[in-house]
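Shown next: model_25.csv, containing CSV, C-alpha atoms.
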```csv
chain,number,residue,atom,x,y,z
O,1,MET,CA,128.4,83.9,71.4
O,2,SER,CA,131.9,85.3,72.3
O,3,THR,CA,134.8,83.1,72.9
O,4,ASN,CA,134.9,84.0,76.6
O,5,SER,CA,131.3,82.8,77.0
O,6,ILE,CA,131.8,79.3,75.6
O,7,LYS,CA,131.6,76.6,78.3
O,8,LYS,CA,134.8,74.5,78.7
O,9,ALA,CA,134.9,70.8,79.3
O,10,ILE,CA,138.0,68.7,80.0
O,11,VAL,CA,138.0,65.0,79.1
O,12,ILE,CA,140.8,63.0,80.7
O,13,SER,CA,141.5,59.9,78.7
O,14,PRO,CA,144.0,57.0,79.2
O,15,GLN,CA,143.8,56.4,75.4
O,16,SER,CA,145.0,59.1,73.0
O,17,TRP,CA,143.0,60.7,70.3
O,18,GLY,CA,143.3,58.8,67.1
O,19,LYS,CA,141.6,57.0,64.3
O,20,MET,CA,139.8,54.4,66.4
O,21,PHE,CA,137.1,55.8,68.8
O,22,ILE,CA,135.8,54.3,72.1
O,23,SER,CA,133.6,55.8,74.8
O,24,LYS,CA,136.1,58.6,75.8
O,25,HIS,CA,136.2,59.9,72.3
O,26,HIS,CA,132.5,59.6,71.7
O,27,TYR,CA,131.5,61.5,74.8
O,28,ALA,CA,134.0,64.3,74.0
O,29,ILE,CA,132.3,64.7,70.6
O,30,GLU,CA,128.8,64.8,72.2
O,31,LEU,CA,129.9,67.5,74.6
O,32,THR,CA,130.8,69.7,71.7
O,33,LYS,CA,127.2,69.3,70.4
O,34,LEU,CA,126.0,70.7,73.7
O,35,GLY,CA,128.0,73.9,73.2
O,36,TYR,CA,131.2,73.0,75.1
O,37,LYS,CA,134.7,73.7,73.9
O,38,VAL,CA,136.3,70.3,74.7
O,39,PHE,CA,139.9,69.8,75.6
O,40,PHE,CA,140.7,66.1,75.2
O,41,VAL,CA,143.8,65.5,77.4
O,42,ASN,CA,145.9,62.7,76.1
O,43,PRO,CA,147.9,60.6,78.5
O,44,PRO,CA,151.2,62.3,79.4
O,45,LYS,CA,154.5,61.4,77.9
O,46,GLU,CA,157.6,61.1,80.1
O,47,LYS,CA,160.4,63.7,79.9
O,48,LYS,CA,163.9,63.7,81.5
O,49,LEU,CA,164.3,65.8,84.6
O,50,GLY,CA,164.7,69.5,84.0
O,51,GLY,CA,162.5,72.2,82.7
O,52,LEU,CA,158.8,72.7,82.6
O,53,PRO,CA,156.5,70.3,80.9
O,54,ARG,CA,155.7,71.0,77.2
O,55,ILE,CA,151.9,71.5,76.6
O,56,LYS,CA,150.6,71.6,73.1
O,57,ILE,CA,147.0,72.1,72.0
O,58,GLU,CA,146.1,70.9,68.6
O,59,ALA,CA,142.9,71.0,66.6
O,60,THR,CA,141.0,67.9,65.6
O,61,GLU,CA,138.6,67.2,62.7
O,62,TYR,CA,135.7,68.2,65.0
O,63,GLU,CA,134.8,71.9,65.6
O,64,ASN,CA,135.4,73.0,69.2
O,65,LEU,CA,137.3,69.8,70.1
O,66,VAL,CA,141.1,70.0,70.6
O,67,THR,CA,143.7,67.6,71.9
O,68,VAL,CA,146.1,68.5,74.7
O,69,ASN,CA,149.4,66.8,74.5
O,70,HIS,CA,151.8,67.2,77.4
O,71,THR,CA,155.0,65.8,78.9
O,72,LEU,CA,155.8,65.3,82.5
O,73,PHE,CA,158.7,67.2,84.1
O,74,PHE,CA,159.4,64.3,86.4
O,75,SER,CA,160.0,60.6,86.0
O,76,LYS,CA,157.1,58.0,86.3
O,77,TYR,CA,159.6,56.1,88.4
O,78,LEU,CA,158.4,58.2,91.3
O,79,LYS,CA,154.8,56.9,91.1
O,80,PHE,CA,156.0,53.4,92.1
O,81,HIS,CA,158.9,54.2,94.4
O,82,LEU,CA,158.2,57.7,95.9
O,83,ALA,CA,154.5,57.9,95.7
O,84,PHE,CA,154.2,60.9,98.1
O,85,LEU,CA,156.5,63.0,95.8
O,86,HIS,CA,154.7,61.9,92.7
O,87,HIS,CA,151.4,62.9,94.3
O,88,LEU,CA,152.7,66.4,94.9
O,89,LEU,CA,154.2,66.8,91.5
O,90,ILE,CA,151.1,65.6,89.6
O,91,PHE,CA,149.2,68.5,91.2
O,92,ILE,CA,151.7,70.9,89.9
O,93,GLN,CA,151.3,69.3,86.5
O,94,ARG,CA,147.6,69.7,86.7
O,95,ARG,CA,147.9,73.4,87.7
O,96,LEU,CA,150.0,74.0,84.6
O,97,LEU,CA,147.5,72.3,82.4
O,98,ILE,CA,144.6,74.3,83.7
O,99,LYS,CA,146.6,77.5,83.3
O,100,LYS,CA,147.0,76.6,79.6
O,101,ILE,CA,143.4,75.5,79.1
O,102,GLY,CA,141.6,77.9,81.4
O,103,LYS,CA,139.2,77.1,84.2
O,104,PRO,CA,136.7,74.3,83.1
O,105,ASP,CA,133.0,74.1,83.7
O,106,ILE,CA,133.0,70.4,83.8
O,107,ILE,CA,135.6,67.6,83.9
O,108,LEU,CA,134.9,64.1,82.6
O,109,SER,CA,137.7,61.8,83.7
O,110,PHE,CA,138.2,58.2,82.5
O,111,ASP,CA,141.7,57.9,83.9
O,112,LEU,CA,142.6,55.2,86.4
O,113,THR,CA,146.2,56.4,86.9
O,114,ASN,CA,145.5,59.8,88.6
O,115,ASN,CA,147.2,61.8,85.9
O,116,PHE,CA,144.7,64.6,86.6
O,117,PRO,CA,143.5,64.7,90.2
O,118,LEU,CA,140.0,65.9,90.9
O,119,LYS,CA,140.7,67.1,94.4
O,120,GLY,CA,140.5,70.9,95.0
O,121,LEU,CA,138.6,71.7,91.8
O,122,THR,CA,135.3,73.6,92.1
O,123,CYS,CA,133.7,72.6,88.7
O,124,LYS,CA,131.4,69.7,88.1
O,125,LYS,CA,133.6,66.5,88.4
O,126,ILE,CA,132.4,63.3,86.8
O,127,PHE,CA,134.5,60.1,87.1
O,128,PHE,CA,133.6,57.5,84.5
O,129,ALA,CA,134.8,54.1,85.5
O,130,ALA,CA,134.7,52.5,82.1
O,131,ASP,CA,137.4,49.9,83.0
O,132,GLU,CA,137.8,47.8,86.1
O,133,PRO,CA,140.5,49.0,88.5
O,134,ARG,CA,143.0,46.3,89.0
O,135,ALA,CA,145.0,47.7,91.9
O,136,LYS,CA,144.3,49.7,95.1
O,137,GLN,CA,146.1,52.8,93.8
O,138,ASN,CA,143.7,53.0,90.8
O,139,PHE,CA,140.8,54.1,93.0
O,140,VAL,CA,142.4,57.4,94.0
O,141,SER,CA,141.6,58.9,90.7
O,142,ALA,CA,137.9,59.0,91.7
O,143,GLN,CA,138.6,60.9,94.9
O,144,ASN,CA,136.4,64.1,95.2
O,145,ALA,CA,134.3,63.2,92.2
O,146,ASP,CA,130.7,64.5,92.3
O,147,VAL,CA,129.4,61.3,90.8
O,148,ILE,CA,131.0,58.0,89.8
O,149,VAL,CA,129.6,56.5,86.5
O,150,SER,CA,130.0,53.0,85.1
O,151,VAL,CA,128.5,50.6,82.7
O,152,SER,CA,129.0,47.8,85.2
O,153,GLN,CA,127.4,47.2,88.6
O,154,HIS,CA,130.4,45.0,89.4
O,155,ILE,CA,132.7,48.1,89.0
O,156,LEU,CA,130.4,50.4,91.0
O,157,ASP,CA,130.4,47.9,93.8
O,158,LEU,CA,134.2,48.1,93.9
O,159,TYR,CA,134.1,51.9,94.2
O,160,GLU,CA,131.4,51.7,96.9
O,161,ARG,CA,134.0,50.2,99.3
O,162,TYR,CA,136.3,53.2,99.0
O,163,PHE,CA,133.7,56.0,98.3
O,164,PRO,CA,130.5,55.0,100.0
O,165,LYS,CA,129.2,58.6,100.2
O,166,THR,CA,129.8,59.5,96.5
O,167,LYS,CA,126.8,59.2,94.2
O,168,LYS,CA,127.0,56.2,91.8
O,169,LEU,CA,125.3,55.9,88.5
O,170,LEU,CA,124.9,52.8,86.4
O,171,ILE,CA,124.3,53.3,82.7
O,172,ASN,CA,124.7,51.3,79.6
O,173,HIS,CA,127.3,51.8,77.0
O,174,GLY,CA,126.6,54.5,74.5
O,175,LEU,CA,125.6,54.2,70.8
O,176,SER,CA,127.1,56.8,68.4
O,177,GLY,CA,124.7,58.8,66.3
O,178,GLU,CA,126.3,57.4,63.1
O,179,PHE,CA,124.6,54.1,63.8
O,180,LEU,CA,121.2,55.6,63.8
O,181,ASN,CA,118.9,56.2,60.8
O,182,ILE,CA,120.6,53.7,58.5
O,183,PRO,CA,118.3,53.2,55.4
O,184,LYS,CA,116.6,49.9,55.3
O,185,GLY,CA,116.5,47.6,52.3
O,186,LEU,CA,120.0,48.4,51.2
O,187,PRO,CA,121.3,46.3,48.2
O,188,LYS,CA,123.0,43.2,49.5
O,189,LYS,CA,126.8,43.7,49.3
O,190,TYR,CA,128.0,40.2,50.2
O,191,GLU,CA,126.9,36.7,49.1
O,192,GLY,CA,125.8,34.0,51.4
O,193,ILE,CA,125.3,34.3,55.2
O,194,ASN,CA,127.6,36.9,56.7
O,195,ILE,CA,128.6,37.0,60.4
O,196,GLY,CA,130.1,40.3,61.8
O,197,LEU,CA,132.6,40.7,64.6
O,198,SER,CA,133.9,44.1,65.8
O,199,GLY,CA,136.3,45.6,68.2
O,200,ASN,CA,139.9,45.5,69.2
O,201,PHE,CA,141.0,42.0,68.3
O,202,LEU,CA,144.2,42.3,70.3
O,203,PHE,CA,142.5,42.2,73.7
O,204,ASN,CA,143.4,39.2,75.8
O,205,ASP,CA,139.7,38.7,76.9
O,206,ILE,CA,138.8,37.2,73.4
O,207,ASP,CA,138.4,33.5,73.6
O,208,TYR,CA,140.4,32.7,70.5
O,209,PRO,CA,140.4,28.9,70.8
O,210,ILE,CA,136.6,28.9,70.8
O,211,LEU,CA,136.4,31.6,68.1
O,212,LEU,CA,138.8,29.7,65.8
O,213,GLN,CA,136.7,26.5,66.3
O,214,ILE,CA,133.5,28.2,65.3
O,215,VAL,CA,135.2,29.7,62.2
O,216,GLU,CA,136.7,26.3,61.1
O,217,GLU,CA,133.4,24.4,61.8
O,218,ASN,CA,131.4,26.8,59.6
O,219,PRO,CA,133.2,27.1,56.3
O,220,ASP,CA,130.0,27.8,54.5
O,221,LEU,CA,129.6,31.1,56.4
O,222,TYR,CA,131.4,34.4,55.8
O,223,PHE,CA,133.0,36.0,58.8
O,224,HIS,CA,133.8,39.8,58.7
O,225,PHE,CA,136.2,41.3,61.3
O,226,TYR,CA,135.9,45.0,61.8
O,227,GLY,CA,138.5,46.8,64.0
O,228,ASN,CA,142.1,46.8,65.0
O,229,TYR,CA,144.2,43.7,64.7
O,230,SER,CA,147.6,45.5,64.6
O,231,PRO,CA,149.6,46.3,67.8
O,232,GLU,CA,150.2,49.8,66.5
O,233,SER,CA,147.0,51.7,67.4
O,234,ASN,CA,145.9,54.8,69.3
O,235,ILE,CA,144.0,52.7,71.8
O,236,GLY,CA,146.6,49.9,72.0
O,237,ALA,CA,146.2,46.6,73.8
O,238,HIS,CA,148.2,44.1,75.8
O,239,THR,CA,148.1,41.0,73.8
O,240,SER,CA,150.0,37.7,73.8
O,241,GLN,CA,151.9,36.1,71.0
O,242,ALA,CA,149.5,33.2,71.2
O,243,ASN,CA,146.6,35.6,70.3
O,244,LEU,CA,148.6,37.0,67.4
O,245,ASP,CA,149.1,33.5,66.2
O,246,TYR,CA,145.4,32.8,66.4
O,247,ILE,CA,144.7,35.9,64.4
O,248,GLU,CA,147.0,34.6,61.7
O,249,LYS,CA,145.3,31.1,61.7
O,250,ILE,CA,141.9,32.8,61.3
O,251,LYS,CA,143.2,34.9,58.4
O,252,LEU,CA,144.2,31.7,56.6
O,253,ASN,CA,140.5,30.8,56.3
O,254,THR,CA,139.1,32.0,52.9
O,255,SER,CA,135.8,32.6,54.6
O,256,CYS,CA,137.3,35.3,56.9
O,257,THR,CA,137.9,39.0,55.9
O,258,PHE,CA,139.7,41.5,58.1
O,259,HIS,CA,138.5,45.0,57.2
O,260,GLY,CA,140.5,46.9,59.7
O,261,VAL,CA,139.4,50.1,61.4
O,262,LEU,CA,136.6,51.9,59.6
O,263,GLY,CA,135.0,55.3,60.2
O,264,LYS,CA,131.8,55.1,62.3
O,265,ARG,CA,129.4,55.7,59.5
O,266,GLU,CA,131.1,53.3,57.2
O,267,LEU,CA,131.2,50.7,59.9
O,268,ALA,CA,127.5,51.3,60.6
O,269,PHE,CA,126.7,50.6,56.9
O,270,GLU,CA,128.9,47.5,56.9
O,271,LEU,CA,127.2,46.1,60.1
O,272,ASN,CA,123.8,46.5,58.4
O,273,GLN,CA,125.0,44.1,55.7
O,274,MET,CA,125.5,41.3,58.2
O,275,ASP,CA,123.0,38.5,58.9
O,276,ALA,CA,124.2,37.9,62.4
O,277,PHE,CA,126.9,38.8,64.9
O,278,LEU,CA,129.3,36.9,67.1
O,279,ILE,CA,131.0,37.9,70.3
O,280,CYS,CA,133.3,35.4,71.8
O,281,TYR,CA,134.9,36.6,75.1
O,282,ASN,CA,136.2,34.9,78.2
O,283,PRO,CA,134.0,36.5,80.9
O,284,GLN,CA,136.7,35.8,83.5
O,285,LYS,CA,139.2,37.9,81.6
O,286,GLY,CA,137.0,40.8,80.5
O,287,GLN,CA,137.8,44.4,81.4
O,288,SER,CA,134.7,44.6,83.6
O,289,SER,CA,134.6,40.9,84.5
O,290,GLY,CA,132.5,40.2,81.5
O,291,SER,CA,129.6,42.4,82.6
O,292,ASN,CA,129.1,44.5,79.5
O,293,SER,CA,130.5,45.4,76.1
O,294,HIS,CA,130.1,48.6,73.9
O,295,LYS,CA,129.9,46.6,70.7
O,296,ILE,CA,126.6,45.0,71.7
O,297,LEU,CA,124.6,48.3,71.1
O,298,GLU,CA,126.2,48.7,67.7
O,299,PHE,CA,125.1,45.2,66.7
O,300,LEU,CA,121.6,45.6,68.2
O,301,SER,CA,121.2,48.8,66.2
O,302,THR,CA,121.0,46.7,63.0
O,303,GLY,CA,118.2,44.5,64.5
O,304,LYS,CA,120.1,41.3,63.6
O,305,VAL,CA,120.7,38.5,66.1
O,306,ILE,CA,123.8,38.3,68.2
O,307,PHE,CA,125.4,35.1,69.4
O,308,SER,CA,127.5,35.9,72.4
O,309,SER,CA,129.4,34.7,75.5
O,310,ASN,CA,128.0,35.8,78.8
O,311,PHE,CA,127.5,39.5,79.8
O,312,SER,CA,125.9,40.0,83.2
O,313,TYR,CA,124.3,43.3,82.3
O,314,TYR,CA,122.1,41.6,79.7
O,315,GLU,CA,121.1,38.5,81.8
O,316,GLY,CA,117.4,38.0,81.9
O,317,THR,CA,116.8,39.9,78.6
O,318,ASP,CA,115.7,38.4,75.4
O,319,LEU,CA,117.7,40.7,73.1
O,320,PHE,CA,120.2,38.1,71.8
O,321,VAL,CA,121.4,34.5,72.1
O,322,MET,CA,123.8,34.4,75.1
O,323,ASN,CA,125.7,31.7,76.7
O,324,ASN,CA,124.4,31.3,80.3
O,325,SER,CA,127.7,29.9,81.5
O,326,ARG,CA,130.5,32.2,82.6
O,327,VAL,CA,133.1,29.4,82.8
O,328,ASN,CA,132.4,27.2,79.8
O,329,ASN,CA,132.4,28.9,76.4
O,330,THR,CA,132.1,25.6,74.5
O,331,LEU,CA,128.3,25.9,75.0
O,332,LEU,CA,128.5,28.9,72.7
O,333,ILE,CA,129.6,26.6,69.8
O,334,LYS,CA,126.3,24.7,70.2
O,335,LEU,CA,124.2,27.9,70.5
O,336,PHE,CA,125.8,29.2,67.3
O,337,HIS,CA,125.2,26.1,65.3
O,338,GLU,CA,121.6,25.9,66.4
O,339,GLY,CA,121.0,29.6,65.9
O,340,ILE,CA,122.3,29.7,62.4
O,341,SER,CA,119.8,26.9,61.4
O,342,ALA,CA,117.0,29.1,62.8
O,343,LEU,CA,118.3,32.4,61.5
O,344,ASN,CA,115.0,33.5,59.9
O,345,GLN,CA,113.1,33.0,63.1
O,346,LEU,CA,115.7,34.8,65.2
O,347,ASN,CA,115.7,37.7,62.7
O,348,ASP,CA,111.9,38.1,62.4
O,349,SER,CA,110.6,41.7,62.2
O,350,HIS,CA,109.3,41.9,65.8
O,351,ARG,CA,112.7,40.8,67.3
O,352,GLN,CA,114.6,43.2,65.0
O,353,GLU,CA,112.4,46.1,66.0
O,354,CYS,CA,112.9,45.4,69.8
O,355,ARG,CA,116.7,45.3,69.4
O,356,MET,CA,116.8,48.6,67.4
O,357,GLU,CA,114.5,50.4,69.9
O,358,PHE,CA,116.7,49.3,72.8
O,359,SER,CA,119.9,50.5,71.1
O,360,GLN,CA,118.4,53.9,70.3
O,361,GLU,CA,117.4,54.5,73.9
O,362,ASN,CA,121.1,54.2,74.8
O,363,SER,CA,122.7,56.6,72.5
O,364,TYR,CA,125.7,58.6,73.7
O,365,GLU,CA,123.6,61.8,73.4
O,366,LYS,CA,120.8,60.4,75.6
O,367,ASN,CA,123.2,58.9,78.1
O,368,LEU,CA,124.9,62.3,78.5
O,369,THR,CA,121.9,64.6,78.5
O,370,ARG,CA,119.3,62.5,80.3
O,371,LYS,CA,121.6,60.6,82.8
O,372,ILE,CA,125.2,61.8,83.3
O,373,LEU,CA,124.7,65.5,83.3
O,374,GLN,CA,121.6,65.3,85.4
O,375,ASN,CA,123.5,63.9,88.4
```

In structure tokens, write the structure found in this file.
Amino acid sequence: MSTNSIKKAIVISPQSWGKMFISKHHYAIELTKLGYKVFFVNPPKEKKLGGLPRIKIEATEYENLVTVNHTLFFSKYLKFHLAFLHHLLIFIQRRLLIKKIGKPDIILSFDLTNNFPLKGLTCKKIFFAADEPRAKQNFVSAQNADVIVSVSQHILDLYERYFPKTKKLLINHGLSGEFLNIPKGLPKKYEGINIGLSGNFLFNDIDYPILLQIVEENPDLYFHFYGNYSPESNIGAHTSQANLDYIEKIKLNTSCTFHGVLGKRELAFELNQMDAFLICYNPQKGQSSGSNSHKILEFLSTGKVIFSSNFSYYEGTDLFVMNNSRVNNTLLIKLFHEGISALNQLNDSHRQECRMEFSQENSYEKNLTRKILQN
């Protein structure tokens, strides 16, 4: 296949390419497996007035996947004070980017800040509403999309008000291929009963008072934290000093280990060493109003039981032990205590098989080929 015949895909991401991957990064990788040359456009950096924007394309560790770093040639001040002028200039910015990249066959945008407008483009345009828009101006990014995709019906309902004629698609989060086909019967790496937690521990939607109470009331269990707990990360987070203080309190417990950010395959092997998992979020503060979470599929892929705060996407299922209340997380403390005493029953072979099968049906590859690209 010649270079000119390779299909091009542009992925617009509000989080830069880096060590820690979330849905934007995973879908970019899956597109390369389908034969696309993928241009992962990082969020723009600001530049002082004067001169054209600097656009730099750099290789990644993945074949046919490159990052696009660019600077604005105008101030972000305009977005909030002279919106009409910003709207005009961002189209010029987009034109320069496409000139550098070349005409794409498909655009997959996760951006809520309209840094890459979809209006006027003739390729297939997919807007993926992974996060809940918090302001009216966030919705403009989806204008002229061929389909709006989300992992949350709550989020899709919000877009329905602004784009009633645009097709909507509800899918689950995706599971990376690295979490599939993990050998069973691996030698036990850790002693005792081990509880896994994973994600970005700086997010403000974590219910740290309840989480700390669960940790301190269960000193005979071992808690393993996998993921970012440092403010310096490619995906970032807006966290409070109070949450940073809670992290330090948790770290003081000898039963707790913070492993940091691991590669996907390494994380998959670590999660398969766990006996159970814990998710402790405040549903009222969640990024999608507590409707879904990507880490659930990673946990389910192991077959082991999850103890969790409420996620509306999974209500009515029997896949894990979930708090029915969306306002009172203290009930999770009781569920956790009772569940640990019945761990063998909750982890019987039939339940484990059901969890693993469910996760496998929601891989990033199947989401992309069977659902997103078919609409």

Contacts of Tyr314 (chain O) at 9 Å (only C-alpha atoms; same-chain gap of 6+ positions) as a ChimeraX atom specification: /O:291-292,320,322

query: Which residues, written as number ranges by chain, have at least one atom at most 12 Å from region 165-172 of chain O, with all atoms listed in the file counted and residues fewer than 3 positions away on the same chain left out?
result: O: 23, 125-130, 142-162, 175, 291-297, 312-314, 358-364, 366-368, 370-375

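Nearest residue to Ser240 (chain O) among O:Ile29, O:Met356, O:Leu202, O:Cys280 is O:Leu202, counting all atoms listed in the file.
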
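Among the candidate residues O:Pro133, O:Pro104, O:Pro164, O:Gly227, the one lying nearest to Leu271 (chain O) is O:Gly227, with distances computed using all atoms listed in the file.
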
statement: re CA of Tyr208 (chain O) and CA of Asn344 (chain O): distance 27.5 Å

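Compared by their closest atoms to Thr67 (chain O), and using all atoms listed in the file, the residues O:Gln15, O:Gln352, O:Asn115, O:Asn218 rank with O:Gln15 nearest.
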
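In this comparison, which uses all atoms listed in the file, the residue of O:Arg54, O:His25, O:His86, O:His224 approaching His259 (chain O) most closely is O:His224.
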